[in-house]
$ cat target.pdb   # PDB, C-alpha atoms, pLDDT in the B column
ATOM      1  CA  MET A 232      39.094 -33.994  54.012  1.00 45.00           C
ATOM      2  CA  ARG A 233      36.161 -32.313  52.296  1.00 47.00           C
ATOM      3  CA  GLY A 234      37.987 -32.704  49.017  1.00 47.00           C
ATOM      4  CA  ASP A 235      37.713 -36.475  49.466  1.00 48.00           C
ATOM      5  CA  TRP A 236      33.934 -36.298  49.918  1.00 44.00           C
ATOM      6  CA  PHE A 237      33.025 -33.946  47.104  1.00 40.00           C
ATOM      7  CA  PRO A 238      34.387 -33.799  43.584  1.00 44.00           C
ATOM      8  CA  LYS A 239      36.641 -30.901  42.963  1.00 41.00           C
ATOM      9  CA  ALA A 240      34.852 -27.919  41.498  1.00 38.00           C
ATOM     10  CA  LYS A 241      35.826 -27.025  38.011  1.00 38.00           C
ATOM     11  CA  LEU A 242      35.299 -23.587  36.589  1.00 33.00           C
ATOM     12  CA  LEU A 243      34.144 -23.756  33.021  1.00 34.00           C
ATOM     13  CA  THR A 244      34.113 -20.628  30.927  1.00 33.00           C
ATOM     14  CA  LEU A 245      31.688 -20.843  28.060  1.00 33.00           C
ATOM     15  CA  PHE A 246      32.073 -18.606  25.119  1.00 33.00           C
ATOM     16  CA  ALA A 247      28.697 -18.192  23.456  1.00 33.00           C
ATOM     17  CA  TYR A 248      28.396 -16.719  20.074  1.00 35.00           C
ATOM     18  CA  SER A 249      25.767 -16.753  17.429  1.00 37.00           C
ATOM     19  CA  VAL A 250      26.146 -17.201  13.736  1.00 45.00           C
ATOM     20  CA  ARG A 251      23.359 -15.777  11.636  1.00 59.00           C
ATOM     21  CA  ALA A 252      22.467 -17.553   8.456  1.00 83.00           C
ATOM     22  CA  GLN A 253      23.080 -15.518   5.349  1.00 91.00           C
ATOM     23  CA  ALA A 254      20.040 -14.050   3.644  1.00 90.00           C
ATOM     24  CA  ALA A 255      18.877 -16.005   0.594  1.00 90.00           C
ATOM     25  CA  LEU A 256      18.526 -14.704  -2.952  1.00 87.00           C
ATOM     26  CA  TYR A 257      15.814 -11.995  -2.983  1.00 84.00           C
ATOM     27  CA  GLY A 258      15.658 -12.113   0.825  1.00 87.00           C
ATOM     28  CA  GLN A 259      15.789  -9.026   3.053  1.00 89.00           C
ATOM     29  CA  CYS A 260      19.246  -8.013   4.229  1.00 90.00           C
ATOM     30  CA  GLY A 261      18.801  -4.585   5.788  1.00 89.00           C
ATOM     31  CA  GLY A 262      16.665  -1.538   6.484  1.00 86.00           C
ATOM     32  CA  LEU A 263      15.587   0.518   9.485  1.00 82.00           C
ATOM     33  CA  GLY A 264      14.605  -1.791  12.324  1.00 83.00           C
ATOM     34  CA  TRP A 265      15.910  -4.908  10.549  1.00 87.00           C
ATOM     35  CA  THR A 266      17.491  -7.373  12.992  1.00 88.00           C
ATOM     36  CA  GLY A 267      18.170 -10.268  10.640  1.00 89.00           C
ATOM     37  CA  SER A 268      21.233 -11.083   8.582  1.00 90.00           C
ATOM     38  CA  THR A 269      22.906  -8.269   6.686  1.00 91.00           C
ATOM     39  CA  THR A 270      25.014 -10.549   4.497  1.00 91.00           C
ATOM     40  CA  CYS A 271      23.854 -12.452   1.430  1.00 93.00           C
ATOM     41  CA  VAL A 272      24.574 -15.933   0.089  1.00 92.00           C
ATOM     42  CA  SER A 273      27.326 -16.410  -2.458  1.00 90.00           C
ATOM     43  CA  GLY A 274      26.570 -14.932  -5.867  1.00 88.00           C
ATOM     44  CA  THR A 275      24.363 -12.172  -4.488  1.00 89.00           C
ATOM     45  CA  TYR A 276      24.853  -8.771  -2.887  1.00 90.00           C
ATOM     46  CA  CYS A 277      22.799  -6.607  -0.530  1.00 91.00           C
ATOM     47  CA  SER A 278      21.145  -3.827  -2.550  1.00 88.00           C
ATOM     48  CA  VAL A 279      19.616  -0.833  -0.736  1.00 86.00           C
ATOM     49  CA  MET A 280      16.090  -0.265  -2.093  1.00 79.00           C
ATOM     50  CA  ASN A 281      15.208   2.499   0.366  1.00 78.00           C
ATOM     51  CA  ALA A 282      15.832   3.440   4.002  1.00 77.00           C
ATOM     52  CA  TYR A 283      13.477   0.691   5.165  1.00 76.00           C
ATOM     53  CA  TYR A 284      14.362  -2.232   2.921  1.00 82.00           C
ATOM     54  CA  SER A 285      17.459  -3.840   1.397  1.00 86.00           C
ATOM     55  CA  GLN A 286      17.349  -7.027  -0.680  1.00 86.00           C
ATOM     56  CA  CYS A 287      19.793  -9.709  -1.846  1.00 87.00           C
ATOM     57  CA  LEU A 288      20.092  -9.519  -5.632  1.00 87.00           C
ATOM     58  CA  PRO A 289      22.171 -11.509  -8.139  1.00 87.00           C
ATOM     59  CA  ILE A 290      25.670 -10.239  -8.830  1.00 84.00           C
ATOM     60  CA  ALA A 291      26.193  -9.378 -12.507  1.00 64.00           C
ATOM     61  CA  SER A 292      29.212 -11.376 -13.626  1.00 44.00           C
ATOM     62  CA  THR A 293      31.713  -9.734 -15.949  1.00 40.00           C
ATOM     63  CA  VAL A 294      33.653 -11.756 -18.501  1.00 38.00           C
ATOM     64  CA  ILE A 295      36.760 -10.262 -20.102  1.00 40.00           C
ATOM     65  CA  VAL A 296      37.388 -11.613 -23.576  1.00 40.00           C
ATOM     66  CA  THR A 297      40.723 -10.781 -25.191  1.00 40.00           C
ATOM     67  CA  THR A 298      41.021 -10.977 -28.945  1.00 42.00           C
ATOM     68  CA  THR A 299      43.962 -10.349 -31.221  1.00 43.00           C
ATOM     69  CA  VAL A 300      43.273  -8.218 -34.266  1.00 45.00           C
ATOM     70  CA  GLN A 301      45.756  -8.164 -37.142  1.00 49.00           C
ATOM     71  CA  PRO A 302      45.651  -4.662 -38.636  1.00 51.00           C
ATOM     72  CA  THR A 303      47.227  -3.652 -41.892  1.00 51.00           C
ATOM     73  CA  SER A 304      50.454  -2.748 -40.099  1.00 52.00           C
ATOM     74  CA  SER A 305      52.968  -5.391 -39.126  1.00 51.00           C
ATOM     75  CA  ASN A 306      52.274  -5.062 -35.369  1.00 51.00           C
ATOM     76  CA  PRO A 307      49.258  -6.936 -33.935  1.00 49.00           C
ATOM     77  CA  THR A 308      46.933  -5.067 -31.561  1.00 50.00           C
ATOM     78  CA  THR A 309      45.293  -6.729 -28.561  1.00 46.00           C
ATOM     79  CA  THR A 310      41.780  -5.409 -27.863  1.00 48.00           C
ATOM     80  CA  PRO A 311      39.843  -6.314 -24.682  1.00 48.00           C
ATOM     81  CA  THR A 312      36.100  -6.809 -25.059  1.00 46.00           C
ATOM     82  CA  THR A 313      33.794  -6.789 -22.002  1.00 44.00           C
ATOM     83  CA  LEU A 314      30.612  -8.840 -21.842  1.00 43.00           C
ATOM     84  CA  SER A 315      28.187  -8.616 -18.900  1.00 45.00           C
ATOM     85  CA  THR A 316      25.841 -11.397 -17.912  1.00 43.00           C
ATOM     86  CA  THR A 317      23.394 -11.642 -15.029  1.00 45.00           C
ATOM     87  CA  SER A 318      22.497 -14.660 -12.926  1.00 44.00           C
ATOM     88  CA  SER A 319      19.487 -16.515 -14.294  1.00 48.00           C
ATOM     89  CA  ALA A 320      18.122 -17.418 -10.846  1.00 49.00           C
ATOM     90  CA  PRO A 321      14.336 -17.056 -10.967  1.00 56.00           C
ATOM     91  CA  ALA A 322      12.540 -14.382  -8.941  1.00 55.00           C
ATOM     92  CA  PRO A 323      10.367 -15.648  -6.091  1.00 55.00           C
ATOM     93  CA  SER A 324       6.719 -16.191  -6.904  1.00 57.00           C
ATOM     94  CA  GLY A 325       3.736 -16.082  -4.554  1.00 56.00           C
ATOM     95  CA  THR A 326       0.977 -18.644  -4.389  1.00 59.00           C
ATOM     96  CA  GLY A 327      -1.539 -16.790  -2.198  1.00 66.00           C
ATOM     97  CA  THR A 328      -4.572 -14.788  -3.283  1.00 76.00           C
ATOM     98  CA  LEU A 329      -5.829 -11.385  -2.150  1.00 84.00           C
ATOM     99  CA  ARG A 330      -9.088 -11.398  -0.235  1.00 89.00           C
ATOM    100  CA  PHE A 331      -9.991  -7.807  -1.077  1.00 92.00           C
ATOM    101  CA  VAL A 332      -9.253  -5.966  -4.328  1.00 93.00           C
ATOM    102  CA  GLY A 333     -10.915  -2.605  -4.791  1.00 95.00           C
ATOM    103  CA  VAL A 334     -11.438   0.568  -6.779  1.00 95.00           C
ATOM    104  CA  ASN A 335     -12.194   4.135  -5.697  1.00 97.00           C
ATOM    105  CA  ILE A 336     -15.301   5.717  -7.276  1.00 97.00           C
ATOM    106  CA  ALA A 337     -14.614   9.429  -6.865  1.00 96.00           C
ATOM    107  CA  GLY A 338     -16.797  12.451  -7.591  1.00 96.00           C
ATOM    108  CA  PHE A 339     -18.997  13.115  -4.567  1.00 97.00           C
ATOM    109  CA  ASP A 340     -15.846  14.170  -2.697  1.00 96.00           C
ATOM    110  CA  PHE A 341     -14.769  16.708  -5.321  1.00 96.00           C
ATOM    111  CA  GLY A 342     -14.852  20.223  -3.897  1.00 95.00           C
ATOM    112  CA  CYS A 343     -13.726  19.117  -0.438  1.00 95.00           C
ATOM    113  CA  SER A 344     -10.212  20.340   0.394  1.00 95.00           C
ATOM    114  CA  THR A 345      -7.750  18.810   2.837  1.00 95.00           C
ATOM    115  CA  ASN A 346      -8.604  21.512   5.387  1.00 95.00           C
ATOM    116  CA  GLY A 347     -12.276  20.537   5.274  1.00 95.00           C
ATOM    117  CA  THR A 348     -13.518  23.526   3.289  1.00 96.00           C
ATOM    118  CA  TYR A 349     -16.107  22.868   0.594  1.00 96.00           C
ATOM    119  CA  THR A 350     -16.742  24.390  -2.840  1.00 95.00           C
ATOM    120  CA  PRO A 351     -20.213  23.157  -3.956  1.00 91.00           C
ATOM    121  CA  GLY A 352     -19.717  23.876  -7.648  1.00 91.00           C
ATOM    122  CA  ASN A 353     -16.777  21.458  -7.840  1.00 95.00           C
ATOM    123  CA  THR A 354     -18.716  18.326  -6.891  1.00 96.00           C
ATOM    124  CA  GLU A 355     -19.108  15.885  -9.778  1.00 96.00           C
ATOM    125  CA  PRO A 356     -21.482  13.041  -8.838  1.00 97.00           C
ATOM    126  CA  PRO A 357     -20.277   9.892 -10.665  1.00 97.00           C
ATOM    127  CA  LEU A 358     -23.741   9.139 -12.033  1.00 96.00           C
ATOM    128  CA  ALA A 359     -24.525   8.979 -15.738  1.00 95.00           C
ATOM    129  CA  VAL A 360     -28.125  10.044 -15.019  1.00 94.00           C
ATOM    130  CA  LEU A 361     -26.697  13.364 -13.795  1.00 94.00           C
ATOM    131  CA  ASP A 362     -24.391  13.674 -16.826  1.00 94.00           C
ATOM    132  CA  GLY A 363     -21.416  12.607 -14.730  1.00 94.00           C
ATOM    133  CA  ALA A 364     -19.013   9.684 -14.931  1.00 94.00           C
ATOM    134  CA  ASP A 365     -20.690   6.277 -15.069  1.00 96.00           C
ATOM    135  CA  GLY A 366     -19.792   5.091 -11.573  1.00 96.00           C
ATOM    136  CA  VAL A 367     -22.505   2.436 -11.670  1.00 96.00           C
ATOM    137  CA  GLY A 368     -21.176   1.005 -14.922  1.00 96.00           C
ATOM    138  CA  GLN A 369     -17.613   1.109 -13.595  1.00 96.00           C
ATOM    139  CA  MET A 370     -18.531  -0.920 -10.519  1.00 96.00           C
ATOM    140  CA  THR A 371     -20.445  -3.455 -12.608  1.00 96.00           C
ATOM    141  CA  HIS A 372     -17.459  -3.857 -14.917  1.00 96.00           C
ATOM    142  CA  TYR A 373     -14.811  -4.149 -12.207  1.00 95.00           C
ATOM    143  CA  TYR A 374     -16.902  -6.563 -10.154  1.00 95.00           C
ATOM    144  CA  SER A 375     -17.118  -8.832 -13.210  1.00 94.00           C
ATOM    145  CA  GLU A 376     -13.304  -8.688 -13.376  1.00 93.00           C
ATOM    146  CA  GLY A 377     -12.919  -9.933  -9.798  1.00 93.00           C
ATOM    147  CA  PHE A 378     -12.850  -6.678  -7.815  1.00 95.00           C
ATOM    148  CA  ASN A 379     -14.928  -6.917  -4.646  1.00 95.00           C
ATOM    149  CA  VAL A 380     -14.504  -3.608  -2.768  1.00 97.00           C
ATOM    150  CA  PHE A 381     -15.544  -0.101  -3.792  1.00 97.00           C
ATOM    151  CA  ARG A 382     -14.768   3.047  -1.813  1.00 97.00           C
ATOM    152  CA  LEU A 383     -17.403   5.765  -2.201  1.00 98.00           C
ATOM    153  CA  PRO A 384     -16.011   9.067  -0.875  1.00 97.00           C
ATOM    154  CA  VAL A 385     -18.387  11.961  -0.194  1.00 98.00           C
ATOM    155  CA  CYS A 386     -17.943  15.396   1.346  1.00 97.00           C
ATOM    156  CA  TRP A 387     -19.793  15.946   4.629  1.00 97.00           C
ATOM    157  CA  GLN A 388     -21.031  19.355   3.469  1.00 97.00           C
ATOM    158  CA  TYR A 389     -22.434  17.810   0.290  1.00 97.00           C
ATOM    159  CA  LEU A 390     -24.690  15.545   2.337  1.00 97.00           C
ATOM    160  CA  THR A 391     -25.824  18.438   4.554  1.00 96.00           C
ATOM    161  CA  ASP A 392     -25.799  21.223   1.924  1.00 93.00           C
ATOM    162  CA  GLY A 393     -23.150  23.139   3.861  1.00 93.00           C
ATOM    163  CA  THR A 394     -24.636  22.759   7.331  1.00 93.00           C
ATOM    164  CA  ILE A 395     -23.288  20.544  10.103  1.00 92.00           C
ATOM    165  CA  ASP A 396     -26.195  18.339  11.089  1.00 86.00           C
ATOM    166  CA  THR A 397     -29.138  18.761   8.700  1.00 93.00           C
ATOM    167  CA  VAL A 398     -29.057  16.165   5.927  1.00 96.00           C
ATOM    168  CA  ASP A 399     -30.151  17.475   2.536  1.00 96.00           C
ATOM    169  CA  SER A 400     -32.637  14.949   1.134  1.00 96.00           C
ATOM    170  CA  THR A 401     -31.847  15.691  -2.537  1.00 97.00           C
ATOM    171  CA  ASN A 402     -28.082  15.381  -2.198  1.00 97.00           C
ATOM    172  CA  PHE A 403     -28.321  12.320   0.010  1.00 97.00           C
ATOM    173  CA  ALA A 404     -30.652  10.621  -2.504  1.00 97.00           C
ATOM    174  CA  ARG A 405     -28.007  11.102  -5.204  1.00 97.00           C
ATOM    175  CA  TYR A 406     -25.268   9.614  -3.046  1.00 98.00           C
ATOM    176  CA  ASP A 407     -27.624   6.825  -1.996  1.00 97.00           C
ATOM    177  CA  THR A 408     -28.085   5.919  -5.677  1.00 97.00           C
ATOM    178  CA  LEU A 409     -24.356   5.180  -5.906  1.00 97.00           C
ATOM    179  CA  VAL A 410     -24.296   3.226  -2.639  1.00 97.00           C
ATOM    180  CA  LYS A 411     -27.308   1.114  -3.613  1.00 96.00           C
ATOM    181  CA  ALA A 412     -25.743   0.381  -7.014  1.00 97.00           C
ATOM    182  CA  CYS A 413     -22.584  -0.757  -5.234  1.00 97.00           C
ATOM    183  CA  LEU A 414     -24.542  -3.035  -2.908  1.00 97.00           C
ATOM    184  CA  ALA A 415     -26.405  -4.483  -5.887  1.00 96.00           C
ATOM    185  CA  THR A 416     -23.140  -5.804  -7.347  1.00 96.00           C
ATOM    186  CA  GLY A 417     -22.566  -7.970  -4.275  1.00 95.00           C
ATOM    187  CA  ALA A 418     -19.316  -6.172  -3.434  1.00 96.00           C
ATOM    188  CA  TYR A 419     -18.238  -4.589  -0.151  1.00 96.00           C
ATOM    189  CA  CYS A 420     -19.027  -0.859  -0.132  1.00 97.00           C
ATOM    190  CA  ILE A 421     -16.969   1.615   1.911  1.00 97.00           C
ATOM    191  CA  ILE A 422     -18.784   4.819   2.877  1.00 97.00           C
ATOM    192  CA  ASP A 423     -16.041   7.423   3.184  1.00 97.00           C
ATOM    193  CA  LEU A 424     -16.860  10.791   4.780  1.00 96.00           C
ATOM    194  CA  HIS A 425     -13.987  12.473   2.987  1.00 95.00           C
ATOM    195  CA  ASN A 426     -13.287  15.559   5.128  1.00 95.00           C
ATOM    196  CA  TYR A 427      -9.830  14.714   6.490  1.00 94.00           C
ATOM    197  CA  ALA A 428     -11.246  14.938  10.063  1.00 94.00           C
ATOM    198  CA  ARG A 429     -12.002  18.620   9.425  1.00 96.00           C
ATOM    199  CA  PHE A 430     -14.928  20.913   8.649  1.00 96.00           C
ATOM    200  CA  ASN A 431     -14.498  24.394   7.138  1.00 95.00           C
ATOM    201  CA  GLY A 432     -10.891  24.654   8.274  1.00 95.00           C
ATOM    202  CA  GLN A 433     -11.468  23.416  11.829  1.00 95.00           C
ATOM    203  CA  VAL A 434     -10.517  20.029  13.294  1.00 96.00           C
ATOM    204  CA  ILE A 435     -13.462  17.924  14.433  1.00 95.00           C
ATOM    205  CA  GLY A 436     -13.669  17.992  18.220  1.00 95.00           C
ATOM    206  CA  GLN A 437     -10.990  20.705  18.384  1.00 95.00           C
ATOM    207  CA  GLY A 438     -12.782  23.897  17.430  1.00 94.00           C
ATOM    208  CA  GLY A 439     -14.814  22.463  14.567  1.00 94.00           C
ATOM    209  CA  PRO A 440     -17.946  20.309  14.868  1.00 95.00           C
ATOM    210  CA  THR A 441     -18.181  18.563  18.215  1.00 96.00           C
ATOM    211  CA  ASN A 442     -17.553  14.860  18.601  1.00 96.00           C
ATOM    212  CA  ALA A 443     -21.289  14.451  19.191  1.00 96.00           C
ATOM    213  CA  GLN A 444     -22.114  16.171  15.888  1.00 96.00           C
ATOM    214  CA  PHE A 445     -19.616  13.944  14.107  1.00 96.00           C
ATOM    215  CA  ALA A 446     -21.251  10.916  15.718  1.00 96.00           C
ATOM    216  CA  ASP A 447     -24.684  12.159  14.615  1.00 96.00           C
ATOM    217  CA  ILE A 448     -23.854  12.153  10.896  1.00 96.00           C
ATOM    218  CA  TRP A 449     -22.363   8.671  11.183  1.00 96.00           C
ATOM    219  CA  SER A 450     -25.366   7.477  13.192  1.00 96.00           C
ATOM    220  CA  PHE A 451     -27.621   8.688  10.389  1.00 96.00           C
ATOM    221  CA  LEU A 452     -25.585   6.806   7.770  1.00 96.00           C
ATOM    222  CA  ALA A 453     -25.416   3.680   9.934  1.00 95.00           C
ATOM    223  CA  ALA A 454     -29.185   3.656  10.404  1.00 96.00           C
ATOM    224  CA  GLU A 455     -29.771   4.088   6.670  1.00 95.00           C
ATOM    225  CA  TYR A 456     -27.592   1.138   5.671  1.00 95.00           C
ATOM    226  CA  ALA A 457     -27.965  -1.159   8.674  1.00 93.00           C
ATOM    227  CA  PRO A 458     -30.437  -3.408   6.779  1.00 91.00           C
ATOM    228  CA  ASP A 459     -27.787  -3.939   4.081  1.00 86.00           C
ATOM    229  CA  THR A 460     -25.008  -5.123   6.404  1.00 76.00           C
TER
END
$ encode --input "target.pdb" --output "structure tokens"
Amino acid sequence: MRGDWFPKAKLLTLFAYSVRAQAALYGQCGGLGWTGSTTCVSGTYCSVMNAYYSQCLPIASTVIVTTTVQPTSSNPTTTPTTLSTTSSAPAPSGTGTLRFVGVNIAGFDFGCSTNGTYTPGNTEPPLAVLDGADGVGQMTHYYSEGFNVFRLPVCWQYLTDGTIDTVDSTNFARYDTLVKACLATGAYCIIDLHNYARFNGQVIGQGGPTNAQFADIWSFLAAEYAPDT
């Protein structure tokens, strides 16, 4: 018989299940999109920090101390006293270092609204030589303290004196003074055309300046500072 030639088939039903390790002290235990453990190790609880992040924190232990007080009357009174203590487990500490640490040097962007409109009288160049804030001195100071990136925002209309594609030599020279001072520190310098992708209330490439005009102003800036890259 075939049963003599082949071993009898056996049907094995495997029940697979997974057991997730509990999140450690100060580990993540929840939040939108979180797929890890939502339970914490003993002595901790999952605390909701915000909709995106929950963290395992120490449970504050409560100790009830009962003392007997003998008042002036003949009957003693028992008074409970509550003391709260918190776990002394240390918070996690990092050992890495940040590659980039920076500061924003504002002023040339003042007068530029979030809809891309520009009020010339509100611009305050951060240059002491123009009776403004000492942006050059600030960068020198912060670079000596370990900062190595400076963002230099400027309004598009300031560079072009309100036009779209004609750079104003006087205004650009003032902004260039700040950029050159930044480069002189040895730091990274971020040129920020601070118009929120808009110009006089219109979105660039969608009723406002064309994409080509936007590329032109950036091409001008790139050509000016290419030797410094």
$ closest_residue --input "target.pdb" --among "A:Gly258, A:Gly377, A:Gly264, A:Gly333" --to "Cys277 (chain A)" --atoms "all atoms listed in the file"
A:Gly258
$ atom_distance --input "target.pdb" --atom1 "CA of Asp459 (chain A)" --atom2 "CA of Tyr427 (chain A)"
26.0 Å
$ atom_distance --input "target.pdb" --atom1 "CA of Gly438 (chain A)" --atom2 "CA of Asp399 (chain A)"
23.8 Å
$ atom_distance --input "target.pdb" --atom1 "CA of Met280 (chain A)" --atom2 "CA of Trp265 (chain A)"
13.5 Å
$ closest_residue --input "target.pdb" --among "A:Leu263, A:Ala446, A:Ala255, A:Met370" --to "Tyr276 (chain A)" --atoms "all atoms listed in the file"
A:Ala255
$ resolve_selection --input "target.pdb" --expression "the PyMOL selection byres ((chain A and resi 281) around 12)" --output "PyMOL selection string"
chain A and resi 259-263+277-280+282-286
$ resolve_selection --input "target.pdb" --expression "the PyMOL selection byres ((chain A and resi 395) around 10)" --output "MDAnalysis selection string"
chainID A and resid 387:388 390:394 396:398 430 439:441 444:445 447:448
